[in-house]
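Asks: So that we are looking at the same thing, I have put the structure below in structure tokens.
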2 protein chains.
Amino acid sequence: MMTPSDVLHSPERATGSLRVDGGRLWRSLMELAEIGATPKGGVRRLALTDVDRQGRDLVVGWLRETGSRIEIDGAGNILATRPGRDPAARVVLTGSHIDTQPSGGKFDGNYGVLAGLEVLRTLNDANVATDKPVGVAIWTNEEGSRFVPVMGGSGAFAGVFTLDYLLRQRDIDGVSFGEALDRIGYAGSAPVGKRALDAYFEAHIEQGPVLERENKTIGVVTGALGLRWYDCVWTGQDAHAGPTPMEARHDALRGASQLVEAVHALALRRAPDGRATVGSMQVSPNSRNVIPGRVTMTVDMRHPDDDALAAMDSELRAASAAIAHELQLECELRQVDQFEASRFDAACVDAVRTATQDLGYPHREMVSGAGHDAIYLGRVAPTSMIFVPCKDGISHNEIEDAQSEHLEAGANVLLHAVLARAGTSRVDRASA
Amino acid sequence: MMTPSDVLHSPERATGSLRVDGGRLWRSLMELAEIGATPKGGVRRLALTDVDRQGRDLVVGWLRETGSRIEIDGAGNILATRPGRDPAARVVLTGSHIDTQPSGGKFDGNYGVLAGLEVLRTLNDANVATDKPVGVAIWTNEEGSRFVPVMGGSGAFAGVFTLDYLLRQRDIDGVSFGEALDRIGYAGSAPVGKRALDAYFEAHIEQGPVLERENKTIGVVTGALGLRWYDCVWTGQDAHAGPTPMEARHDALRGASQLVEAVHALALRRAPDGRATVGSMQVSPNSRNVIPGRVTMTVDMRHPDDDALAAMDSELRAASAAIAHELQLECELRQVDQFEASRFDAACVDAVRTATQDLGYPHREMVSGAGHDAIYLGRVAPTSMIFVPCKDGISHNEIEDAQSEHLEAGANVLLHAVLARAGTSRVDRASA
């Protein structure tokens, strides 16, 4: 426990013992999860829908109650700022998103936003004044489930694409991002991006199994995997499965199946950093007794090193060409998207690492395999992330789950990384 | 050319020079193909639909014009009989089906029926009286596209399943076979099966590439491949493609892909007789950046020898179990259908072989890879089949094609196999 003399004479020691209220954080997560709740315990809260509006209204209300100033920009991004003592200082920002996958969970995104809210609440409760302002952002349409591109709000904020481009995107029903944003009343007047940040920290569930498997509470995230996405079309010849001898076939599914194995082999050769996945495949005509004449498939390859990813690209192209030649098939392989590997800011990573060590949580350094708003923020601000375990590594699923004590630990790390960056003094409640 | 003395004194030599009218056969095929014609040049004439009725009406009219007696049985099978000189003799039957696949061609089935019609027309034109009656059958719902089971009419005729069972089957809209049969007016009163046949011959396009590739005109069909059908379900765990290391995955698509290769390997070890095909596969959740947690696939295996097929079955089960163990997946493999291998009647095969040799057509012996009405007829009557080439081996497709001269050759072989079996004498037109 702190004494009044700690407060007055040793602000560092004073905030060093600050802790978030894990129960309050959990209750806020559960309350938000009721908006768009699914029967299986998940959440369906697609971007810019009525339930997204309800979720925004709830969280914005909570942020207002902290006394923060609320700004909404032209992409619908929400920025809540708790003022600092230095009016000229750049904001230390945290946040994430509250839109979900169609069959999403309670924690993906929501945790990062509400952990930020919990940081503000904790600072208020303890009457902590920071030198720099501390902010919480809610980025629009991170999931990309309703509108492409994914990470739309943070991408526009970071200038990856223009606001105009973003607003023109249409969902599957033909509704534009801009129309949907107007409809829910979250088309704000604040400029999108164009502001210098002191730092950006994002807390998130890992969405993978590593922390849980290794019994670690915190992942100190040093960067993000580079990514390449491909579409691949195999063309052979439909033929009747009975009368067509094996040697006379042009079976597109054999090409696809061999490439699945080749894709895994080239990632396994680069374990544990390399990743490769065939997530989607369509067989045509997809009839039990017809040799498939056409198969389309996707390939997703990731690696923390861009040169290694380029080598994987070369191997993928060589493998598909060799298989096509061997099986007398046509193979059209087309790259459809690409993200360079990200390396987070060393000082921000160090702030997370130091906070974790000071708090005594079991931890490991890791690289994010998934995309996050922090990837785009990292292009315009010193950035890092904090991961906490999720059950069985499962995310983007209604059964997504996480332990309250892990979420609390991650919020404590966030709190202290933010405080380290923002500069702190305890002030008397009466003078606040 | 024959002289009157040939006719009177040497019926064998007289009919030996008989030939069908290939142009007439082709024109009949093209006229029938107009009923249910598709824009791409194919035919969509599903069993017991209005277009099936129109097709039946057209062909029945042609059969009536040959003077044949028309009977329709309770399964909608149509039997046209040209009387023989011996009232007690069993009928020498030929035929096939005129229902098509949803995107079918002009020749599958239709050729066998109209080749039979052409035999009757040719016998009439030449005033040939046969000792035994000669018949042409149109079997209902061979394709199985609208109603399962496939080869429904011939199966009921052969007693493989009961008429009652057949009539109870429902299409995807819930319409029963019996209701559909009544609606098109082809629910006949003749008993289904329960009659002894002298022989059954069926002419058909090969539906495979072998004859065309080897430049043969006629396939002398000695039997049919045994067949086993399987459904296979691979269960792993959905997971995010980015954050999940390769070694922590339970990727159902890897199991499926490895089984595709294993299935092909076990058939290739038994080339050219063994066949194995994975025709259908569904990946779940089938999303680009999600490791597939569930894949369903089919397996189709065929071999002319039942023992070899049983060995393939064992190898399939062992392979799927080994892959599941290696990849830590669950695999549920279930056999859903089975046909024993068929060996056609030696005397009927010999009749086809002798006719082919006498006519001087390039030929080879072969085993049918596909199912045909002849498979079921072979269970109740001495049976054989005659194959002719089709373009690129393609069937069950709107681009299915065949050459008129090949179709004519097959009909000539059918004519002479039927004549050899039925016994012939040329009679004077005036006395016919």
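Here, A, B, ... name the chains of the structure tokens in the order displayed, residue numbers run from 1 inside each chain, and ligands are numbered from 1 in the same displayed order.
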Write out the coordinates of chain B as a short mmCIF file (atom, residue, chain, number, x, y, z; two decimals) with C-alpha atoms, in the first residue's frame after a least-squares overlay onto chain A built on all ordered Cα pairs.

Replies:
```cif
data_model
loop_
_atom_site.label_atom_id
_atom_site.label_comp_id
_atom_site.auth_asym_id
_atom_site.auth_seq_id
_atom_site.Cartn_x
_atom_site.Cartn_y
_atom_site.Cartn_z
CA MET B 1 -0.03 0.38 0.13
CA MET B 2 1.19 3.86 -0.65
CA THR B 3 1.40 6.61 1.89
CA PRO B 4 0.81 10.30 1.20
CA SER B 5 4.56 10.88 1.24
CA ASP B 6 4.97 8.37 -1.61
CA VAL B 7 2.48 10.34 -3.57
CA LEU B 8 4.12 13.67 -2.99
CA HIS B 9 7.76 12.74 -3.20
CA SER B 10 8.02 9.62 -5.34
CA PRO B 11 5.60 9.54 -8.21
CA GLU B 12 7.44 6.61 -9.83
CA ARG B 13 7.04 4.36 -6.81
CA ALA B 14 3.50 5.60 -6.39
CA THR B 15 2.27 4.58 -9.83
CA GLY B 16 4.48 1.49 -9.80
CA SER B 17 2.04 -0.21 -7.48
CA LEU B 18 -1.04 0.79 -9.49
CA ARG B 19 -3.19 -2.10 -10.70
CA VAL B 20 -6.27 -2.24 -12.88
CA ASP B 21 -9.55 -3.66 -11.59
CA GLY B 22 -9.74 -7.03 -13.32
CA GLY B 23 -13.30 -7.66 -12.19
CA ARG B 24 -14.49 -4.38 -13.67
CA LEU B 25 -12.68 -5.10 -16.91
CA TRP B 26 -14.36 -8.53 -17.10
CA ARG B 27 -17.80 -7.11 -16.36
CA SER B 28 -17.38 -4.49 -19.08
CA LEU B 29 -16.32 -7.19 -21.56
CA MET B 30 -19.38 -9.25 -20.66
CA GLU B 31 -21.73 -6.27 -20.92
CA LEU B 32 -20.40 -5.31 -24.35
CA ALA B 33 -20.63 -8.96 -25.44
CA GLU B 34 -24.40 -8.86 -24.88
CA ILE B 35 -24.72 -6.58 -27.90
CA GLY B 36 -24.90 -8.96 -30.84
CA ALA B 37 -24.66 -12.01 -28.59
CA THR B 38 -25.14 -15.35 -30.36
CA PRO B 39 -26.84 -18.44 -28.92
CA LYS B 40 -23.50 -20.27 -28.76
CA GLY B 41 -21.92 -17.61 -26.55
CA GLY B 42 -20.21 -15.66 -29.28
CA VAL B 43 -20.80 -12.23 -30.79
CA ARG B 44 -21.95 -11.16 -34.25
CA ARG B 45 -21.38 -7.42 -34.48
CA LEU B 46 -20.42 -6.60 -38.05
CA ALA B 47 -18.97 -3.17 -38.76
CA LEU B 48 -21.38 -0.24 -39.16
CA THR B 49 -24.52 -2.24 -38.39
CA ASP B 50 -27.13 -1.37 -35.78
CA VAL B 51 -25.43 -3.57 -33.22
CA ASP B 52 -22.10 -1.91 -33.98
CA ARG B 53 -23.80 1.42 -33.23
CA GLN B 54 -25.16 0.05 -29.97
CA GLY B 55 -21.71 -1.21 -29.04
CA ARG B 56 -20.13 2.11 -29.94
CA ASP B 57 -22.77 4.00 -27.93
CA LEU B 58 -22.10 1.86 -24.87
CA VAL B 59 -18.31 2.20 -24.97
CA VAL B 60 -18.38 5.90 -25.89
CA GLY B 61 -20.64 6.44 -22.88
CA TRP B 62 -18.12 4.69 -20.66
CA LEU B 63 -15.27 6.73 -22.15
CA ARG B 64 -17.21 9.96 -21.61
CA GLU B 65 -17.70 8.99 -17.97
CA THR B 66 -13.90 8.98 -17.57
CA GLY B 67 -13.96 12.67 -18.48
CA SER B 68 -12.19 12.04 -21.77
CA ARG B 69 -12.74 14.21 -24.79
CA ILE B 70 -14.39 12.23 -27.60
CA GLU B 71 -13.54 12.84 -31.23
CA ILE B 72 -14.95 10.94 -34.20
CA ASP B 73 -13.19 11.15 -37.54
CA GLY B 74 -14.47 10.82 -41.07
CA ALA B 75 -13.81 7.05 -41.08
CA GLY B 76 -15.86 6.56 -37.92
CA ASN B 77 -12.76 6.00 -35.81
CA ILE B 78 -13.41 7.08 -32.21
CA LEU B 79 -10.60 8.73 -30.22
CA ALA B 80 -11.09 9.38 -26.51
CA THR B 81 -8.40 11.56 -24.93
CA ARG B 82 -7.63 12.01 -21.25
CA PRO B 83 -5.68 15.27 -21.09
CA GLY B 84 -2.10 15.39 -19.83
CA ARG B 85 -0.28 18.12 -17.92
CA ASP B 86 1.64 19.23 -20.99
CA PRO B 87 -0.82 20.77 -23.44
CA ALA B 88 1.70 20.46 -26.27
CA ALA B 89 2.55 16.78 -25.73
CA ARG B 90 1.61 14.07 -28.19
CA VAL B 91 -0.97 11.52 -27.08
CA VAL B 92 0.02 8.07 -25.87
CA LEU B 93 -2.67 6.03 -27.62
CA THR B 94 -4.06 2.58 -27.01
CA GLY B 95 -7.10 0.82 -28.44
CA SER B 96 -8.33 -1.78 -30.89
CA HIS B 97 -11.74 -2.48 -32.51
CA ILE B 98 -15.20 -3.65 -31.46
CA ASP B 99 -16.50 -5.02 -34.79
CA THR B 100 -16.45 -8.83 -34.91
CA GLN B 101 -16.37 -11.69 -37.36
CA PRO B 102 -19.81 -13.04 -38.44
CA SER B 103 -19.38 -15.82 -35.87
CA GLY B 104 -16.92 -14.06 -33.63
CA GLY B 105 -16.09 -14.06 -29.95
CA LYS B 106 -16.18 -11.71 -26.99
CA PHE B 107 -12.50 -10.82 -26.82
CA ASP B 108 -10.98 -10.22 -30.26
CA GLY B 109 -10.64 -6.41 -30.47
CA ASN B 110 -13.08 -5.72 -27.65
CA TYR B 111 -10.39 -6.61 -25.15
CA GLY B 112 -7.94 -4.01 -26.48
CA VAL B 113 -10.55 -1.26 -26.36
CA LEU B 114 -11.84 -2.11 -22.89
CA ALA B 115 -8.32 -2.65 -21.52
CA GLY B 116 -7.67 0.95 -22.65
CA LEU B 117 -10.89 2.07 -20.94
CA GLU B 118 -9.77 0.24 -17.82
CA VAL B 119 -6.44 2.11 -17.92
CA LEU B 120 -8.29 5.44 -17.98
CA ARG B 121 -10.59 4.36 -15.16
CA THR B 122 -7.61 3.22 -13.10
CA LEU B 123 -5.75 6.49 -13.66
CA ASN B 124 -8.87 8.38 -12.59
CA ASP B 125 -9.44 6.25 -9.50
CA ALA B 126 -5.87 6.85 -8.36
CA ASN B 127 -5.88 10.50 -9.35
CA VAL B 128 -2.89 10.04 -11.60
CA ALA B 129 -2.03 12.93 -13.82
CA THR B 130 0.13 12.04 -16.79
CA ASP B 131 2.47 14.46 -18.47
CA LYS B 132 1.27 13.47 -21.91
CA PRO B 133 -2.36 12.83 -22.78
CA VAL B 134 -3.51 9.21 -22.83
CA GLY B 135 -6.00 8.12 -25.47
CA VAL B 136 -8.17 5.17 -26.38
CA ALA B 137 -9.06 4.49 -30.03
CA ILE B 138 -11.85 2.36 -31.48
CA TRP B 139 -10.92 1.64 -35.10
CA THR B 140 -13.67 1.00 -37.64
CA ASN B 141 -14.06 -2.30 -39.54
CA GLU B 142 -10.89 -4.06 -38.48
CA GLU B 143 -12.22 -7.51 -39.31
CA GLY B 144 -13.00 -6.79 -42.91
CA SER B 145 -15.93 -9.18 -42.71
CA ARG B 146 -18.46 -6.68 -44.02
CA PHE B 147 -16.22 -4.35 -46.01
CA VAL B 148 -12.82 -4.89 -47.52
CA PRO B 149 -10.15 -3.77 -46.89
CA VAL B 150 -9.52 -5.23 -43.46
CA MET B 151 -8.18 -2.80 -40.85
CA GLY B 152 -10.03 -0.11 -42.76
CA GLY B 153 -10.24 2.62 -40.13
CA SER B 154 -6.66 2.28 -38.91
CA GLY B 155 -5.42 1.98 -42.49
CA ALA B 156 -7.09 5.27 -43.42
CA PHE B 157 -5.72 6.82 -40.22
CA ALA B 158 -2.22 5.70 -41.22
CA GLY B 159 -2.67 6.96 -44.78
CA VAL B 160 -2.40 3.48 -46.32
CA PHE B 161 -5.42 4.34 -48.41
CA THR B 162 -7.53 7.46 -48.73
CA LEU B 163 -10.73 8.16 -46.84
CA ASP B 164 -12.49 8.50 -50.16
CA TYR B 165 -11.37 5.01 -51.18
CA LEU B 166 -12.60 3.60 -47.88
CA LEU B 167 -16.00 5.29 -48.05
CA ARG B 168 -16.59 3.93 -51.57
CA GLN B 169 -16.19 0.27 -50.56
CA ARG B 170 -19.43 -1.72 -50.72
CA ASP B 171 -20.67 -4.69 -48.75
CA ILE B 172 -22.22 -7.77 -50.34
CA ASP B 173 -25.61 -6.02 -50.47
CA GLY B 174 -24.17 -3.03 -52.31
CA VAL B 175 -24.26 -0.66 -49.31
CA SER B 176 -21.22 1.59 -49.25
CA PHE B 177 -19.02 2.09 -46.21
CA GLY B 178 -19.90 5.79 -46.32
CA GLU B 179 -23.66 5.14 -46.43
CA ALA B 180 -23.46 2.65 -43.58
CA LEU B 181 -21.35 5.05 -41.52
CA ASP B 182 -23.84 7.89 -42.06
CA ARG B 183 -26.75 5.63 -41.21
CA ILE B 184 -25.41 4.73 -37.78
CA GLY B 185 -24.46 8.35 -37.06
CA TYR B 186 -20.74 7.80 -36.72
CA ALA B 187 -19.46 9.83 -39.68
CA GLY B 188 -17.47 12.36 -37.65
CA SER B 189 -15.89 15.64 -38.60
CA ALA B 190 -12.40 15.12 -37.18
CA PRO B 191 -9.68 14.68 -39.79
CA VAL B 192 -8.60 11.10 -40.40
CA GLY B 193 -5.03 10.69 -39.19
CA LYS B 194 -2.74 13.64 -39.78
CA ARG B 195 -1.80 13.76 -36.12
CA ALA B 196 1.48 12.80 -34.54
CA LEU B 197 1.22 10.20 -31.77
CA ASP B 198 3.75 9.68 -29.00
CA ALA B 199 3.16 5.93 -29.11
CA TYR B 200 0.52 3.29 -29.80
CA PHE B 201 0.03 0.19 -27.63
CA GLU B 202 -2.56 -2.48 -28.39
CA ALA B 203 -3.51 -5.33 -26.09
CA HIS B 204 -5.03 -8.38 -27.80
CA ILE B 205 -5.69 -12.05 -27.29
CA GLU B 206 -2.99 -14.07 -29.00
CA GLN B 207 -5.36 -15.91 -31.37
CA GLY B 208 -2.83 -18.71 -31.35
CA PRO B 209 -1.84 -21.52 -28.99
CA VAL B 210 1.72 -20.59 -28.04
CA LEU B 211 1.25 -18.72 -24.74
CA GLU B 212 -1.23 -21.25 -23.40
CA ARG B 213 0.95 -24.18 -24.42
CA GLU B 214 4.01 -22.64 -22.76
CA ASN B 215 2.09 -21.45 -19.71
CA LYS B 216 2.98 -17.81 -20.29
CA THR B 217 0.72 -14.94 -19.28
CA ILE B 218 2.09 -12.20 -21.52
CA GLY B 219 3.42 -12.12 -25.06
CA VAL B 220 5.80 -9.23 -25.66
CA VAL B 221 5.12 -8.62 -29.34
CA THR B 222 8.17 -7.51 -31.30
CA GLY B 223 6.62 -7.35 -34.76
CA ALA B 224 4.30 -9.03 -37.19
CA LEU B 225 4.71 -11.65 -39.88
CA GLY B 226 4.87 -10.57 -43.47
CA LEU B 227 2.08 -12.09 -45.50
CA ARG B 228 1.34 -13.04 -49.09
CA TRP B 229 -2.01 -14.25 -50.36
CA TYR B 230 -2.50 -16.19 -53.57
CA ASP B 231 -5.34 -17.54 -55.67
CA CYS B 232 -4.56 -20.70 -57.57
CA VAL B 233 -6.61 -22.32 -60.33
CA TRP B 234 -5.90 -25.87 -61.52
CA THR B 235 -7.38 -26.85 -64.86
CA GLY B 236 -7.52 -30.42 -66.14
CA GLN B 237 -10.38 -32.24 -67.82
CA ASP B 238 -13.66 -33.50 -66.37
CA ALA B 239 -14.07 -37.18 -67.14
CA HIS B 240 -16.16 -40.13 -66.02
CA ALA B 241 -14.49 -41.83 -63.05
CA GLY B 242 -15.24 -45.33 -64.27
CA PRO B 243 -14.14 -45.65 -67.89
CA THR B 244 -11.11 -43.35 -67.71
CA PRO B 245 -7.86 -45.21 -66.97
CA MET B 246 -5.56 -43.62 -64.41
CA GLU B 247 -2.88 -42.81 -66.97
CA ALA B 248 -5.34 -40.98 -69.23
CA ARG B 249 -6.52 -38.55 -66.55
CA HIS B 250 -6.02 -34.84 -66.09
CA ASP B 251 -7.27 -34.65 -62.51
CA ALA B 252 -7.18 -31.07 -61.21
CA LEU B 253 -7.69 -32.24 -57.63
CA ARG B 254 -4.42 -34.16 -57.73
CA GLY B 255 -2.61 -30.95 -58.60
CA ALA B 256 -4.33 -29.12 -55.78
CA SER B 257 -3.65 -31.92 -53.28
CA GLN B 258 0.01 -32.12 -54.16
CA LEU B 259 0.31 -28.36 -53.80
CA VAL B 260 -1.29 -28.52 -50.34
CA GLU B 261 1.54 -30.83 -49.31
CA ALA B 262 4.21 -28.75 -51.04
CA VAL B 263 2.94 -25.59 -49.37
CA HIS B 264 3.11 -27.21 -45.96
CA ALA B 265 6.56 -28.62 -46.64
CA LEU B 266 8.02 -25.25 -47.50
CA ALA B 267 6.65 -23.74 -44.28
CA LEU B 268 7.75 -26.71 -42.17
CA ARG B 269 11.29 -26.26 -43.51
CA ARG B 270 11.16 -22.82 -41.87
CA ALA B 271 9.58 -23.80 -38.54
CA PRO B 272 8.76 -22.20 -36.20
CA ASP B 273 8.69 -18.85 -38.03
CA GLY B 274 7.26 -19.85 -41.38
CA ARG B 275 3.52 -20.41 -41.84
CA ALA B 276 1.59 -21.61 -44.86
CA THR B 277 -2.07 -22.48 -45.16
CA VAL B 278 -4.51 -23.62 -47.80
CA GLY B 279 -7.75 -22.43 -46.23
CA SER B 280 -10.17 -22.59 -49.12
CA MET B 281 -10.72 -24.99 -51.99
CA GLN B 282 -13.54 -25.46 -54.51
CA VAL B 283 -13.73 -28.60 -56.61
CA SER B 284 -15.60 -28.66 -59.92
CA PRO B 285 -17.89 -30.27 -60.95
CA ASN B 286 -17.66 -31.80 -57.43
CA SER B 287 -19.49 -34.99 -58.30
CA ARG B 288 -18.67 -38.36 -56.78
CA ASN B 289 -18.07 -40.15 -60.07
CA VAL B 290 -16.52 -37.37 -62.14
CA ILE B 291 -12.77 -36.70 -62.26
CA PRO B 292 -12.44 -33.02 -61.26
CA GLY B 293 -11.55 -30.81 -64.20
CA ARG B 294 -11.07 -27.63 -62.22
CA VAL B 295 -10.02 -26.79 -58.66
CA THR B 296 -9.54 -23.34 -57.18
CA MET B 297 -7.58 -22.92 -53.96
CA THR B 298 -6.02 -20.18 -51.86
CA VAL B 299 -2.54 -20.04 -50.37
CA ASP B 300 -1.62 -17.93 -47.32
CA MET B 301 2.11 -17.69 -46.51
CA ARG B 302 3.69 -15.75 -43.66
CA HIS B 303 7.16 -15.17 -42.29
CA PRO B 304 8.73 -12.51 -40.02
CA ASP B 305 11.53 -11.98 -42.53
CA ASP B 306 10.68 -10.52 -45.93
CA ASP B 307 13.60 -12.24 -47.64
CA ALA B 308 12.48 -15.60 -46.30
CA LEU B 309 8.94 -14.85 -47.51
CA ALA B 310 10.29 -14.00 -50.95
CA ALA B 311 12.11 -17.35 -50.98
CA MET B 312 8.87 -19.10 -50.00
CA ASP B 313 7.18 -17.31 -52.90
CA SER B 314 9.80 -18.67 -55.30
CA GLU B 315 9.44 -22.18 -53.94
CA LEU B 316 5.65 -21.99 -54.22
CA ARG B 317 5.87 -20.96 -57.86
CA ALA B 318 8.41 -23.66 -58.63
CA ALA B 319 6.36 -26.33 -56.86
CA SER B 320 3.13 -25.43 -58.64
CA ALA B 321 4.87 -25.39 -62.03
CA ALA B 322 6.54 -28.74 -61.38
CA ILE B 323 3.29 -30.37 -60.29
CA ALA B 324 1.43 -28.94 -63.29
CA HIS B 325 4.11 -30.29 -65.64
CA GLU B 326 4.19 -33.70 -64.00
CA LEU B 327 0.39 -34.13 -64.02
CA GLN B 328 -0.20 -32.40 -67.38
CA LEU B 329 -2.42 -29.77 -65.82
CA GLU B 330 -2.61 -26.03 -66.17
CA CYS B 331 -1.91 -24.03 -63.04
CA GLU B 332 -2.57 -20.33 -62.74
CA LEU B 333 -1.05 -18.88 -59.56
CA ARG B 334 -1.74 -15.25 -58.81
CA GLN B 335 -0.66 -13.18 -55.80
CA VAL B 336 -3.66 -11.18 -54.60
CA ASP B 337 -2.35 -9.42 -51.49
CA GLN B 338 0.85 -8.71 -49.61
CA PHE B 339 1.93 -7.23 -46.29
CA GLU B 340 5.57 -6.56 -45.53
CA ALA B 341 6.83 -7.95 -42.24
CA SER B 342 6.63 -5.40 -39.40
CA ARG B 343 9.19 -4.77 -36.68
CA PHE B 344 7.70 -2.83 -33.80
CA ASP B 345 9.48 0.18 -32.26
CA ALA B 346 12.29 -0.95 -29.97
CA ALA B 347 11.46 1.57 -27.25
CA CYS B 348 7.78 0.62 -27.22
CA VAL B 349 8.63 -3.08 -27.14
CA ASP B 350 11.01 -2.31 -24.27
CA ALA B 351 8.24 -0.47 -22.41
CA VAL B 352 6.04 -3.57 -22.67
CA ARG B 353 8.90 -5.90 -21.71
CA THR B 354 9.90 -3.80 -18.70
CA ALA B 355 6.32 -3.46 -17.46
CA THR B 356 5.85 -7.23 -17.79
CA GLN B 357 9.06 -7.98 -15.93
CA ASP B 358 8.27 -5.45 -13.17
CA LEU B 359 4.86 -7.02 -12.74
CA GLY B 360 6.44 -10.46 -12.56
CA TYR B 361 4.30 -12.17 -15.22
CA PRO B 362 5.62 -15.23 -17.05
CA HIS B 363 6.20 -14.05 -20.60
CA ARG B 364 7.88 -14.63 -23.92
CA GLU B 365 8.68 -12.50 -26.92
CA MET B 366 6.70 -13.31 -30.02
CA VAL B 367 5.72 -12.09 -33.44
CA SER B 368 2.09 -11.51 -34.32
CA GLY B 369 0.86 -13.93 -36.92
CA ALA B 370 -2.38 -12.09 -37.53
CA GLY B 371 -3.12 -8.62 -38.79
CA HIS B 372 -4.06 -5.95 -36.25
CA ASP B 373 -4.72 -2.21 -36.29
CA ALA B 374 -1.28 -1.91 -34.65
CA ILE B 375 0.33 -3.02 -37.93
CA TYR B 376 -0.94 0.12 -39.65
CA LEU B 377 -0.39 2.35 -36.62
CA GLY B 378 3.21 1.13 -36.61
CA ARG B 379 3.70 2.92 -39.91
CA VAL B 380 2.98 6.34 -38.39
CA ALA B 381 3.85 5.99 -34.69
CA PRO B 382 6.16 4.08 -32.35
CA THR B 383 4.08 0.97 -31.70
CA SER B 384 3.99 -2.31 -29.82
CA MET B 385 1.47 -4.93 -28.77
CA ILE B 386 0.69 -7.03 -25.71
CA PHE B 387 -0.69 -10.54 -26.14
CA VAL B 388 -2.56 -12.62 -23.59
CA PRO B 389 -3.48 -16.30 -23.95
CA CYS B 390 -6.82 -17.47 -25.33
CA LYS B 391 -8.31 -20.89 -24.78
CA ASP B 392 -6.90 -23.50 -27.18
CA GLY B 393 -5.62 -20.65 -29.34
CA ILE B 394 -9.08 -20.33 -30.87
CA SER B 395 -10.35 -17.03 -32.22
CA HIS B 396 -12.74 -15.87 -34.97
CA ASN B 397 -15.12 -18.37 -33.44
CA GLU B 398 -18.04 -18.19 -31.06
CA ILE B 399 -16.21 -20.43 -28.60
CA GLU B 400 -13.31 -17.95 -28.32
CA ASP B 401 -12.48 -17.72 -24.61
CA ALA B 402 -9.92 -16.18 -22.26
CA GLN B 403 -9.23 -16.16 -18.51
CA SER B 404 -10.06 -13.07 -16.50
CA GLU B 405 -6.69 -13.18 -14.70
CA HIS B 406 -4.84 -13.17 -18.02
CA LEU B 407 -6.91 -10.27 -19.32
CA GLU B 408 -6.24 -8.40 -16.07
CA ALA B 409 -2.49 -9.07 -16.38
CA GLY B 410 -2.45 -7.76 -19.94
CA ALA B 411 -4.29 -4.62 -18.88
CA ASN B 412 -1.76 -4.08 -16.07
CA VAL B 413 1.07 -4.36 -18.58
CA LEU B 414 -0.76 -1.91 -20.82
CA LEU B 415 -1.25 0.47 -17.88
CA HIS B 416 2.42 0.52 -17.03
CA ALA B 417 3.69 0.68 -20.59
CA VAL B 418 1.40 3.67 -21.10
CA LEU B 419 2.52 5.26 -17.84
CA ALA B 420 6.19 4.76 -18.68
CA ARG B 421 5.61 6.52 -21.96
CA ALA B 422 3.26 9.25 -20.70
CA GLY B 423 5.17 10.29 -17.58
CA THR B 424 3.34 10.29 -14.28
CA SER B 425 2.71 12.23 -11.14
CA ARG B 426 0.15 11.45 -8.47
CA VAL B 427 -1.96 14.50 -7.81
CA ASP B 428 -4.18 15.16 -4.86
CA ARG B 429 -7.82 14.37 -5.56
CA ALA B 430 -8.79 17.87 -4.45
CA SER B 431 -6.41 19.47 -6.95
CA ALA B 432 -7.31 17.16 -9.84
#
```

Asks: Extract the full set of strand (DSSP E) residues from range 91-207 of chain A according to DSSP on the backbone, and format it as an MDAnalysis selection string.

Replies: chainID A and resid 91:97 128:130 134:139 197:205

Asks: Check the DSSP output for the backbone and give back, as a list in words, the residues of range 67-137 of chain B in helix (DSSP H, G or I).

Replies: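 Answer for range 67-137 of chain B restricted to helix (DSSP H, G or I) is Asn110, Tyr111, Gly112, Val113, Leu114, Ala115, Gly116, Leu117, Glu118, Val119, Leu120, Arg121, Thr122, Leu123, Asn124 and Asp125 of chain B.
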